[in-house]
Each structure stands twice: as structure tokens, then as C-alpha cells.
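Okay, structure first, notes after.
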Amino acid sequence: IRREDAQDAAAWFAEPHPELLVLDLDQTLWAFDAANPRYGFPHQAQPGECRVQCAGAVATPFPEAVEILLQLKAKPDSVTGWRVGVASANAQGKVCASLLLGFGLLQERRPRPGALRGGVEEALLEIHGGTKRAHFKRLAEVSGVGYPGMLFFDDRESNVRIAQGMGAVGHKVSPLEGLTHKAFAAGLAAWRSRRGSQLSLSSWLRPSASTPLRERAGGDEGGDDDGPSRGSMPPATDHAVGVVGAAQGG
């Protein structure tokens with residue numbers, strides 16, 4: 001892990017941060033289609049390496065994607081960690097879950113003494129055919145996290161748009177590079193920007209207890225209603241959309 005990436009990771013745990021990180025798998029966490037028979041069973045994890053020997057190939061994830069997830073897994077004890085789930089339309093759910101386990105990314109059911117906590121939650125593995133809408137609906141039900149609390153990464157623009165339409169923040173990654181530190185930082189910045197915009201708007205819409213009732217109603221003495229004064233308009237805010245941009249360049 002590069003020093004600058006480790007320094008950036010320290011800021012990931014600063015509040016506010018998303019309650020749930022949601023990841024696609026193929027071309028986002030790894031570069032292959034896990035439904036290909038070459039990546040089927042049996043699986044044999046390589047000790048000390050982030051590699052899994054499959055039926056006809058060796059599976060490896062995108063290096064930076066794994067670094068990010070392991071850094072999130074190794075959260076400081078003094079802060080609130082990230083929860084992680086998966087939303088994938090891959091038809092081989094058991095194969096994908098086995099690969100995640102072999103890469104050391106799944107949350108341990110019974111953590112060993114000294115083992116890192118966190119990781120992808122087994123209960124939040126939505127890996128099956130269907131739309132991203134169905135995946136997200138189920139993730140919200142199981143996790144208890146509302147869509148605005150989710151940050152989603154996928155290599156397909158259409159999937160990112162679906163997540164955005166449901167209220168999550170989504171960021172498109174390059175299918176050639178997957179989730180990188182640069183892409184992760186951009187997605188997190190977008191989520192925090194929208195969060196700040198929502199809080200600013202909510203604060204403006206909520207009248208102050210010290211504001212006279214007639215001022216809250218927007219009227220002056222005399223009953224004339226010429227519309228809201230210029231001073232009563234809300235301040236401009238940066239309404240960050242969920243989709244940050246095009247494929248990352250590195």
C-alpha cells in the first residue's frame with residue numbers, strides 16, 4: 001500500500017461517511033466473469049496470496065480494490081466502521097461468495113483472536129440475476145440502511161443510474177481498472193457533498209424557534225403578499241448528483 005493511499009484511507013473513517021458500501025463484482029472487484037466455468041469449483045485459496053486456484057484458471061482481484069476493502073476492514077477501534085455489501089447480477093452466487101472468502105474479504109462469522117473485523121457481510125450478498133433495483137431493495141431491507149446512506153460502485157453506467165434514481169450515490173469505475181483509490185475518493189467526495197447539501201437544505205427549511213410567526217409565514221404587517229423577498233430565498237448549494245463521472249483514467 002502506497003504511503004499516500006494509506007494517508008487517504010485515514011480520512012475515510014471521518015464522519016460523515018456512508019453507512020453501507022455496495023459493490024458490483026465483475027469488472028469492478030475483479031476483471032473476469034465469475035460465471036465462466038473456468039472460475040468454477042473446486043477452489044483452493046493460495047496461502048499468503050490474494051489468489052484462488054479455480055477449476056481452470058487462477059482468479060485474482062483488482063489490486064487496488066482489495067487494498068481498499070482490507071483498509072476498511074482494518075478500521076481503528078475508536079471509530080465507526082464501514083459496512084460492505086454486494087449487488088451483482090452474476091448467476092453463480094456460490095462461486096462468487098467462495099472467491100470473496102478465498103480473497104479474505106468476507107466478514108468472519110466468528111472472528112479469531114487478533115483477526116481483522118469488518119469485511120463484506122454474508123447476509124448482504126445480493127448475487128443473482130435480476131435488476132439492481134431488486135438488489136438494492138433487498139439490501140435496504142436486510143441492512144436497515146436507507147438508500148441515501150449507501151455508496152455504490154459499478155462499471156456500468158445504467159446500473160449507476162438505477163442506484164442514483166433510488167436515492168443512493170453511485171460512481172462508475174473503469175472496467176479495465178475496477179475500483180481504484182482515485183475512484184473511491186471521488187465517490188466518497190460525491191456522497192459527502194450531497195450529504196452536506198441535504199443538511200443545508202434541511203436546516204434552511206426548518207424555521208428557527210426565535211423567528212416571529214409572521215416572518216415564518218413569509219408575510220409582512222398589512223397582509224400584502226408580493227411573494228418571498230430576495231433575502232428569504234435559500235442559499236445556493238452544491239447539489240451533487242450520484243453519478244460522479246466517466247470511467248477513471250488511473
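Ordered as shown in the C-alpha cells, chains take letters A, B, and onward, while each chain numbers its residues from 1 and ligands are numbered from 1 in the order shown.
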
Restrict the calculation to only C-alpha atoms, then for each residue of region 22-118 of chain A with any atom at most 12 Å from an atom of region 142-153 of chain A give the closest atom pair and their distance in Å to one decimal, rows by chain and rising residue number, as a Markdown table.
```
| residue | atom | partner | partner_atom | distance |
| --- | --- | --- | --- | --- |
| A:Val22 | CA | A:Phe152 | CA | 4.7 |
| A:Leu23 | CA | A:Phe153 | CA | 5.2 |
| A:Asp24 | CA | A:Phe153 | CA | 6.3 |
| A:Leu25 | CA | A:Phe153 | CA | 9.3 |
| A:Asp26 | CA | A:Phe153 | CA | 11.3 |
| A:Gln27 | CA | A:Phe153 | CA | 10.5 |
| A:Thr28 | CA | A:Phe153 | CA | 7.3 |
| A:Leu29 | CA | A:Phe153 | CA | 9.4 |
| A:Ala65 | CA | A:Phe153 | CA | 10.8 |
| A:Trp82 | CA | A:Met150 | CA | 10.4 |
| A:Arg83 | CA | A:Ser143 | CA | 9.0 |
| A:Val84 | CA | A:Met150 | CA | 9.6 |
| A:Gly85 | CA | A:Ser143 | CA | 9.0 |
| A:Val86 | CA | A:Phe152 | CA | 9.2 |
| A:Ala87 | CA | A:Phe152 | CA | 8.8 |
| A:Ser88 | CA | A:Phe153 | CA | 10.9 |
```

**OP:** Excluding region 45-55 of chain A and residues on its chain fewer than 3 positions from it, collect all residues at most 12 Å away from it, counting only C-alpha atoms, and give them as a PyMOL selection string.
**Re:** chain A and resi 30+34-42+58-67+70+95-96+98-105

N, CA, C and O atoms of the current selection, written as a tab-separated table (two decimals), in the first residue's frame:
```tsv
chain	number	residue	atom	x	y	z
A	30	TRP	N	-13.19	-7.61	-9.61
A	30	TRP	CA	-12.23	-8.41	-10.36
A	30	TRP	C	-12.50	-8.25	-11.86
A	30	TRP	O	-13.55	-7.75	-12.26
A	34	ALA	N	-17.21	-14.23	-13.32
A	34	ALA	CA	-17.14	-15.39	-12.42
A	34	ALA	C	-18.08	-16.51	-12.84
A	34	ALA	O	-17.98	-17.63	-12.31
A	35	ALA	N	-19.00	-16.25	-13.77
A	35	ALA	CA	-19.90	-17.30	-14.25
A	35	ALA	C	-19.22	-18.20	-15.28
A	35	ALA	O	-19.74	-19.26	-15.61
A	36	ASN	N	-18.05	-17.80	-15.75
A	36	ASN	CA	-17.30	-18.63	-16.68
A	36	ASN	C	-16.88	-19.91	-15.97
A	36	ASN	O	-16.32	-19.87	-14.87
A	37	PRO	N	-17.12	-21.07	-16.58
A	37	PRO	CA	-16.78	-22.35	-15.92
A	37	PRO	C	-15.33	-22.45	-15.47
A	37	PRO	O	-15.01	-23.21	-14.54
A	38	ARG	N	-14.44	-21.71	-16.09
A	38	ARG	CA	-13.02	-21.75	-15.70
A	38	ARG	C	-12.83	-21.33	-14.25
A	38	ARG	O	-11.88	-21.75	-13.59
A	39	TYR	N	-13.76	-20.49	-13.76
A	39	TYR	CA	-13.62	-19.98	-12.39
A	39	TYR	C	-14.53	-20.73	-11.41
A	39	TYR	O	-14.70	-20.31	-10.28
A	40	GLY	N	-15.05	-21.88	-11.87
A	40	GLY	CA	-15.91	-22.68	-11.02
A	40	GLY	C	-15.13	-23.51	-10.02
A	40	GLY	O	-13.91	-23.43	-9.90
A	41	PHE	N	-15.88	-24.35	-9.30
A	41	PHE	CA	-15.28	-25.22	-8.29
A	41	PHE	C	-14.51	-26.37	-8.95
A	41	PHE	O	-14.82	-26.74	-10.09
A	42	PRO	N	-13.50	-26.91	-8.22
A	42	PRO	CA	-13.12	-26.60	-6.82
A	42	PRO	C	-12.28	-25.34	-6.73
A	42	PRO	O	-11.62	-24.94	-7.69
A	58	VAL	N	-6.59	-19.30	-12.49
A	58	VAL	CA	-6.28	-18.68	-11.20
A	58	VAL	C	-6.99	-17.33	-11.16
A	58	VAL	O	-6.79	-16.48	-12.02
A	59	ALA	N	-7.82	-17.16	-10.16
A	59	ALA	CA	-8.58	-15.92	-10.02
A	59	ALA	C	-7.83	-14.94	-9.14
A	59	ALA	O	-7.37	-15.29	-8.06
A	60	THR	N	-7.72	-13.70	-9.61
A	60	THR	CA	-7.12	-12.63	-8.82
A	60	THR	C	-8.01	-11.39	-8.95
A	60	THR	O	-8.55	-11.12	-10.02
A	61	PRO	N	-8.16	-10.63	-7.89
A	61	PRO	CA	-8.98	-9.42	-7.94
A	61	PRO	C	-8.15	-8.23	-8.40
A	61	PRO	O	-6.92	-8.32	-8.55
A	62	PHE	N	-8.81	-7.11	-8.64
A	62	PHE	CA	-8.10	-5.87	-8.92
A	62	PHE	C	-7.31	-5.49	-7.66
A	62	PHE	O	-7.88	-5.42	-6.56
A	63	PRO	N	-6.02	-5.22	-7.79
A	63	PRO	CA	-5.19	-4.96	-6.60
A	63	PRO	C	-5.68	-3.81	-5.72
A	63	PRO	O	-5.74	-3.95	-4.49
A	64	GLU	N	-6.02	-2.69	-6.32
A	64	GLU	CA	-6.43	-1.55	-5.51
A	64	GLU	C	-7.78	-1.78	-4.85
A	64	GLU	O	-8.03	-1.30	-3.73
A	65	ALA	N	-8.65	-2.51	-5.50
A	65	ALA	CA	-9.95	-2.82	-4.90
A	65	ALA	C	-9.77	-3.62	-3.61
A	65	ALA	O	-10.43	-3.35	-2.60
A	66	VAL	N	-8.87	-4.59	-3.65
A	66	VAL	CA	-8.60	-5.39	-2.46
A	66	VAL	C	-7.97	-4.54	-1.36
A	66	VAL	O	-8.32	-4.65	-0.19
A	67	GLU	N	-7.02	-3.68	-1.75
A	67	GLU	CA	-6.39	-2.80	-0.76
A	67	GLU	C	-7.44	-1.95	-0.04
A	67	GLU	O	-7.40	-1.79	1.19
A	70	LEU	N	-9.53	-4.13	2.37
A	70	LEU	CA	-8.76	-4.54	3.54
A	70	LEU	C	-8.50	-3.37	4.47
A	70	LEU	O	-8.48	-3.53	5.69
A	95	VAL	N	-20.22	-19.44	-6.27
A	95	VAL	CA	-18.86	-19.27	-6.76
A	95	VAL	C	-18.30	-17.93	-6.33
A	95	VAL	O	-17.17	-17.82	-5.83
A	96	CYS	N	-19.10	-16.88	-6.49
A	96	CYS	CA	-18.66	-15.53	-6.12
A	96	CYS	C	-18.38	-15.44	-4.62
A	96	CYS	O	-17.37	-14.86	-4.19
A	98	SER	N	-17.51	-17.85	-2.65
A	98	SER	CA	-16.30	-18.61	-2.38
A	98	SER	C	-15.05	-17.82	-2.75
A	98	SER	O	-14.04	-17.86	-2.04
A	99	LEU	N	-15.12	-17.09	-3.85
A	99	LEU	CA	-13.97	-16.26	-4.25
A	99	LEU	C	-13.73	-15.14	-3.24
A	99	LEU	O	-12.59	-14.86	-2.87
A	100	LEU	N	-14.80	-14.51	-2.78
A	100	LEU	CA	-14.66	-13.47	-1.77
A	100	LEU	C	-14.02	-14.02	-0.50
A	100	LEU	O	-13.17	-13.37	0.11
A	101	LEU	N	-14.42	-15.23	-0.14
A	101	LEU	CA	-13.84	-15.87	1.04
A	101	LEU	C	-12.37	-16.17	0.81
A	101	LEU	O	-11.52	-15.92	1.68
A	102	GLY	N	-12.03	-16.69	-0.37
A	102	GLY	CA	-10.65	-17.02	-0.69
A	102	GLY	C	-9.75	-15.80	-0.74
A	102	GLY	O	-8.55	-15.89	-0.40
A	103	PHE	N	-10.30	-14.66	-1.11
A	103	PHE	CA	-9.53	-13.41	-1.16
A	103	PHE	C	-9.42	-12.75	0.22
A	103	PHE	O	-8.75	-11.74	0.37
A	104	GLY	N	-10.09	-13.32	1.20
A	104	GLY	CA	-10.03	-12.77	2.55
A	104	GLY	C	-10.88	-11.53	2.74
A	104	GLY	O	-10.60	-10.72	3.64
A	105	LEU	N	-11.95	-11.40	1.96
A	105	LEU	CA	-12.76	-10.18	2.00
A	105	LEU	C	-14.09	-10.36	2.74
A	105	LEU	O	-14.76	-9.37	3.05
```

Original post:
Residues of region 88-163 of chain A in alpha helix (DSSP H) according to DSSP, as a list of chain:residue names?
Top reply: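 Those residues are A:Gly93, A:Lys94, A:Val95, A:Cys96, A:Ala97, A:Ser98, A:Leu99, A:Leu100, A:Leu101, A:Gly102, A:Lys132, A:Arg133, A:Ala134, A:His135, A:Phe136, A:Lys137, A:Arg138, A:Leu139, A:Ala140, A:Glu141, A:Val142, A:Ser143, A:Glu157, A:Ser158, A:Asn159, A:Val160, A:Arg161, A:Ile162, A:Ala163.
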
**OP:** Could you please determine the separation between CA of Arg156 (chain A) and CA of His171 (chain A) in Å, to one decimal place?
**Re:** 9.3 Å

**OP:** Return the single residue from A:Gly119, A:Gly56, A:Leu106, A:Ala140 that is closest to Gly167 (chain A), with distances computed using only C-alpha atoms.
**Re:**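 Closest to Gly167 (chain A) of all the choices is A:Ala140.
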
Subject >> Contacts of Ile162 (chain A) within 8 Å, only C-alpha atoms, excl. fewer than 3 positions in-chain, as a list in words >> reply: Lys132, Arg133, Ser158, Asn159, Gly165 and Met166 of chain A

Output N, CA, C and O atoms for every residue in the selection just made, as a CSV table (one decimal), in the first residue's frame.
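And here's out.csv as it stands now:
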```csv
chain,number,residue,atom,x,y,z
A,132,LYS,N,-30.7,-4.2,-10.7
A,132,LYS,CA,-30.1,-3.6,-9.5
A,132,LYS,C,-31.1,-3.0,-8.5
A,132,LYS,O,-30.9,-2.9,-7.3
A,133,ARG,N,-32.3,-2.7,-9.1
A,133,ARG,CA,-33.3,-2.2,-8.2
A,133,ARG,C,-33.7,-3.3,-7.2
A,133,ARG,O,-33.9,-3.0,-6.0
A,158,SER,N,-25.6,2.3,-16.6
A,158,SER,CA,-27.0,2.0,-16.4
A,158,SER,C,-27.3,1.6,-15.0
A,158,SER,O,-28.3,2.0,-14.4
A,159,ASN,N,-26.4,0.8,-14.4
A,159,ASN,CA,-26.6,0.4,-13.0
A,159,ASN,C,-26.4,1.5,-12.1
A,159,ASN,O,-27.1,1.6,-11.1
A,165,GLY,N,-31.2,6.8,-9.0
A,165,GLY,CA,-32.7,7.0,-9.0
A,165,GLY,C,-33.4,6.6,-7.7
A,165,GLY,O,-34.4,7.1,-7.4
A,166,MET,N,-32.8,5.6,-7.1
A,166,MET,CA,-33.4,5.1,-5.8
A,166,MET,C,-32.9,5.9,-4.6
A,166,MET,O,-33.5,5.8,-3.5
```

**OP:** Would you kindly return, as a ChimeraX atom specification, each protein, DNA or RNA residue with an atom no farther than 8 Å from any atom of Gly81 (chain A), considering only C-alpha atoms and excluding same-chain residues fewer than 5 positions away?
**Re:** /A:13,72-73,75-76,118

Subject >> Nearest to Gln107 (chain A) by atom-to-atom distance, counting only C-alpha atoms, from A:Lys182, A:Val120, A:Thr131, A:His17 >> reply: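 Using only C-alpha atoms, the shortest distance to Gln107 (chain A) belongs to A:Val120.
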
Original post:
Which residue out of A:Leu21, A:Ala190, A:Gln198, A:Ala168 has the minimum interatomic distance to Glu121 (chain A) when only C-alpha atoms are used?
Top reply: A:Leu21

Subject >> DSSP strand (DSSP E) residues within region 100-139 of chain A, listed as a ChimeraX atom specification >> reply: /A:120-127

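Using only C-alpha atoms, the contacts of Arg192 (chain A) at a cut-off of 9 Å, with sequence neighbours closer than 2 positions omitted, comprise Pro16, His17, Pro18, Gly187, Leu188, Ala189, Ala190, Arg194, Arg195, Gly196, Ser197 and Ala240 of chain A.
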